[in-house]
Structure formats: structure tokens, C-alpha cells
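Just below is one structure, and these are the notes that go with it.
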Amino acid sequence: MSRITVRSIVLRAAADFTASTQTSSFKLDGLPAGTIDPAKIISFWVASDTPSGTSPTLDITIQSSWNDSDWHDEGAGETQLSAAAANLYTPTIISKYYRLDLVIGGSDTPTFGNLVCVAMVVTDGYSNV
């Protein structure tokens, strides 16, 4: 009988977001290079209050790396927010390190209020996270 373990990692604490950046990265332990671990699932949760400014947008791209230095965009690319939202993204696990690339657009000081980014890692309870 396996047990399920869930770990939440705050990549960006709730605060107003006004400039493009990347979140902090986190490492999945126990993955040999080039393998996919079906015992792990990553979900990214991004939430924001109603944005301000003129035509504010926030492009969110999941990025992965094997060495926490050379980053690559995951999946089909970015998702764009333009209103208050809470969204969940789940990539296929193919790397050891993950982060979010956040690019803000618009004019008149576009701001996404209380933007928070969290990664949730689910394992079978016996894998390293």
C-alpha cells in the first residue's frame, strides 16, 4: 500500500506584481537525467486580484532545467492572464528544476495585485521530493 505525499512550495508570496521576473526555482530530487518519474506530479497554482493599468496582461511560462542554470520553456508555451484569476498548470515531469517565468504587459503601470505562485508536488510517498 503506497501513501500519497503533497508538498507545497511558495514560489512567490502574495504581493503586488509590477515588473517581469522569474520565480524562485525548486528541485525534484531522485530523478536521473533524461527520465520521467510517473510517481511525481507537479501543479503550479497562480492567483491574482483584479489587475490595474491600461490593458494589463501577465504571461506565465513554466520553465525547466537539469542544472538550475540553463532554462527551457515547457509544453505549448505561455498562458496569459488579463483579469483576476486562479489558474492551475500541470506539466509533464522531465527535469530536476522548475520555475515560472512571469512577463507583465500593458501601460499606465500595469499591476497584478496580490499575485501569488505556488508549486504543489505530489509523490507516491516513497520518492524523494
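Identifiers in the C-alpha cells: chain A, B, ... in order shown; residue index from 1 per chain; ligand index from 1 in order shown.
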
Residue contacts of A:Ser8 (8 Å, only C-alpha atoms) excluding same-chain residues fewer than 3 positions away, as a PyMOL selection string: chain A and resi 118-121

Dump of C-alpha atoms for the selected residues, as a tab-separated table (two decimals), in the first residue's frame:
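Writing the result to again-v1.tsv gives the following:
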```tsv
chain	number	residue	atom	x	y	z
A	118	VAL	CA	2.69	28.07	-5.54
A	119	ALA	CA	4.01	24.71	-6.75
A	120	MET	CA	2.43	21.55	-5.39
A	121	VAL	CA	4.39	18.30	-5.72
```

Per-residue DSSP, stretch 26-127 of chain A, filtered to strand (DSSP E or B), as an MDAnalysis selection string: chainID A and resid 26:27 41:48 52:65 72:73 79:81 85:89 97:123

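When only C-alpha atoms are used to compute distances to A:Ser20, the closest of the residues A:Ile60, A:Ile4, A:Ile93, A:Val103 turns out to be A:Val103.
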
Using only C-alpha atoms, find each residue of stretch 68-126 of chain A with at least one atom at most 9 Å away from an atom of stretch 37-54 of chain A; report its shortest atom-to-atom pair and that distance in Å (one decimal), sort the rows by chain and rising residue number, and return the result as a tab-separated table.
```
residue	atom	partner	partner_atom	distance
A:Ser82	CA	A:Pro51	CA	7.2
A:Ala83	CA	A:Thr50	CA	5.5
A:Ala84	CA	A:Thr50	CA	4.1
A:Ala85	CA	A:Ala47	CA	5.4
A:Ala86	CA	A:Ala47	CA	4.1
A:Asn87	CA	A:Val46	CA	5.3
A:Leu88	CA	A:Trp45	CA	4.6
A:Tyr89	CA	A:Phe44	CA	5.0
A:Thr90	CA	A:Ser43	CA	4.5
A:Pro91	CA	A:Ile42	CA	6.7
A:Thr92	CA	A:Ile41	CA	7.7
A:Ile93	CA	A:Asp37	CA	6.6
A:Ile94	CA	A:Asp37	CA	7.6
A:Leu100	CA	A:Phe44	CA	8.5
A:Gly106	CA	A:Thr54	CA	5.8
A:Ser107	CA	A:Thr54	CA	5.1
A:Asp108	CA	A:Gly53	CA	4.9
A:Thr109	CA	A:Gly53	CA	5.5
A:Pro110	CA	A:Gly53	CA	4.3
A:Thr111	CA	A:Ser52	CA	5.2
A:Phe112	CA	A:Pro51	CA	4.3
A:Gly113	CA	A:Asp49	CA	5.0
A:Asn114	CA	A:Ser48	CA	5.5
A:Leu115	CA	A:Ser48	CA	4.4
A:Val116	CA	A:Ala47	CA	5.5
A:Cys117	CA	A:Val46	CA	4.6
A:Val118	CA	A:Trp45	CA	5.2
A:Ala119	CA	A:Phe44	CA	4.5
A:Met120	CA	A:Ser43	CA	5.2
A:Val121	CA	A:Ile42	CA	4.6
A:Val122	CA	A:Ile41	CA	5.0
A:Thr123	CA	A:Lys40	CA	4.5
A:Asp124	CA	A:Ala39	CA	5.5
A:Gly125	CA	A:Ala39	CA	8.7
A:Tyr126	CA	A:Ala39	CA	8.9
```

A:Leu102 environment, 12 Å, only C-alpha atoms, sequence neighbours closer than 4 positions dropped, as an MDAnalysis selection string: chainID A and resid 11:12 17:24 46 57:63 73 78:81 112 115:117

Written selection (C-alpha atoms) as a PDB file, in the first residue's frame:
```pdb
ATOM      1  CA  LEU A  11       7.487  30.422  -5.362  1.00  0.00           C
ATOM      2  CA  ARG A  12       6.235  33.976  -4.911  1.00  0.00           C
ATOM      3  CA  PHE A  17       3.404  42.477  -9.187  1.00  0.00           C
ATOM      4  CA  THR A  18       4.648  45.293 -11.430  1.00  0.00           C
ATOM      5  CA  ALA A  19       7.829  44.042 -13.191  1.00  0.00           C
ATOM      6  CA  SER A  20       8.695  40.940 -15.219  1.00  0.00           C
ATOM      7  CA  THR A  21      10.755  38.308 -13.397  1.00  0.00           C
ATOM      8  CA  GLN A  22      11.207  34.591 -12.750  1.00  0.00           C
ATOM      9  CA  THR A  23      10.064  32.952  -9.545  1.00  0.00           C
ATOM     10  CA  SER A  24      12.496  31.108  -7.340  1.00  0.00           C
ATOM     11  CA  VAL A  46      -1.195  31.190  -9.824  1.00  0.00           C
ATOM     12  CA  THR A  57      -1.515  41.224 -19.185  1.00  0.00           C
ATOM     13  CA  LEU A  58       0.585  38.614 -17.423  1.00  0.00           C
ATOM     14  CA  ASP A  59       2.279  35.900 -19.499  1.00  0.00           C
ATOM     15  CA  ILE A  60       3.097  32.786 -17.439  1.00  0.00           C
ATOM     16  CA  THR A  61       5.521  30.185 -18.776  1.00  0.00           C
ATOM     17  CA  ILE A  62       6.644  27.040 -16.944  1.00  0.00           C
ATOM     18  CA  GLN A  63      10.394  26.594 -17.285  1.00  0.00           C
ATOM     19  CA  ASP A  73      10.139  26.646 -21.735  1.00  0.00           C
ATOM     20  CA  GLU A  78       2.708  30.536 -22.135  1.00  0.00           C
ATOM     21  CA  THR A  79      -0.683  31.253 -20.647  1.00  0.00           C
ATOM     22  CA  GLN A  80      -1.882  34.841 -20.432  1.00  0.00           C
ATOM     23  CA  LEU A  81      -3.912  36.400 -17.635  1.00  0.00           C
ATOM     24  CA  PHE A 112      -1.483  42.422 -10.701  1.00  0.00           C
ATOM     25  CA  LEU A 115      -0.074  37.805  -7.162  1.00  0.00           C
ATOM     26  CA  VAL A 116       0.899  34.509  -5.567  1.00  0.00           C
ATOM     27  CA  CYS A 117       2.590  31.487  -7.204  1.00  0.00           C
TER      28      CYS A 117
END
```

Residues at most 10 Å from A:His72, counting only C-alpha atoms, excluding those fewer than 2 positions away in the same chain, as a CSV table (one decimal) with N, CA, C and O atoms, in the first residue's frame?
```
chain,number,residue,atom,x,y,z
A,61,THR,N,4.9,31.3,-18.1
A,61,THR,CA,5.5,30.2,-18.8
A,61,THR,C,6.2,29.3,-17.8
A,61,THR,O,7.0,29.8,-16.9
A,62,ILE,N,5.9,28.0,-17.8
A,62,ILE,CA,6.6,27.0,-16.9
A,62,ILE,C,8.0,26.8,-17.6
A,62,ILE,O,8.1,26.5,-18.8
A,63,GLN,N,9.1,26.9,-16.8
A,63,GLN,CA,10.4,26.6,-17.3
A,63,GLN,C,11.0,25.5,-16.5
A,63,GLN,O,10.8,25.3,-15.3
A,64,SER,N,11.9,24.7,-17.2
A,64,SER,CA,12.6,23.6,-16.5
A,64,SER,C,14.0,23.6,-16.9
A,64,SER,O,14.5,24.2,-17.8
A,65,SER,N,14.8,22.9,-16.0
A,65,SER,CA,16.3,22.8,-16.2
A,65,SER,C,16.8,21.6,-15.5
A,65,SER,O,16.3,21.1,-14.5
A,66,TRP,N,17.9,21.1,-16.0
A,66,TRP,CA,18.6,19.9,-15.4
A,66,TRP,C,19.7,20.4,-14.4
A,66,TRP,O,20.1,19.7,-13.6
A,69,SER,N,20.5,26.3,-14.2
A,69,SER,CA,21.2,27.4,-14.8
A,69,SER,C,20.7,27.6,-16.3
A,69,SER,O,20.4,28.7,-16.7
A,70,ASP,N,20.6,26.5,-17.1
A,70,ASP,CA,20.1,26.6,-18.4
A,70,ASP,C,18.6,26.3,-18.5
A,70,ASP,O,18.2,25.1,-18.2
A,74,GLU,N,8.5,25.0,-21.0
A,74,GLU,CA,7.9,23.7,-21.0
A,74,GLU,C,6.6,23.7,-21.9
A,74,GLU,O,5.9,24.8,-21.9
A,75,GLY,N,6.2,22.6,-22.4
A,75,GLY,CA,4.9,22.5,-23.1
A,75,GLY,C,4.6,23.4,-24.2
A,75,GLY,O,5.5,23.7,-25.0
A,95,SER,N,12.4,17.1,-15.9
A,95,SER,CA,13.6,17.8,-15.4
A,95,SER,C,13.7,17.7,-13.9
A,95,SER,O,12.8,17.3,-13.2
A,98,TYR,N,12.4,23.4,-11.6
A,98,TYR,CA,11.3,24.1,-12.2
A,98,TYR,C,11.1,25.5,-11.6
A,98,TYR,O,11.5,25.8,-10.5
```

Selected residue of minimal separation from A:Lys96 among A:Asp68, A:Thr5, A:Leu28, A:Pro56, counting only C-alpha atoms: A:Leu28
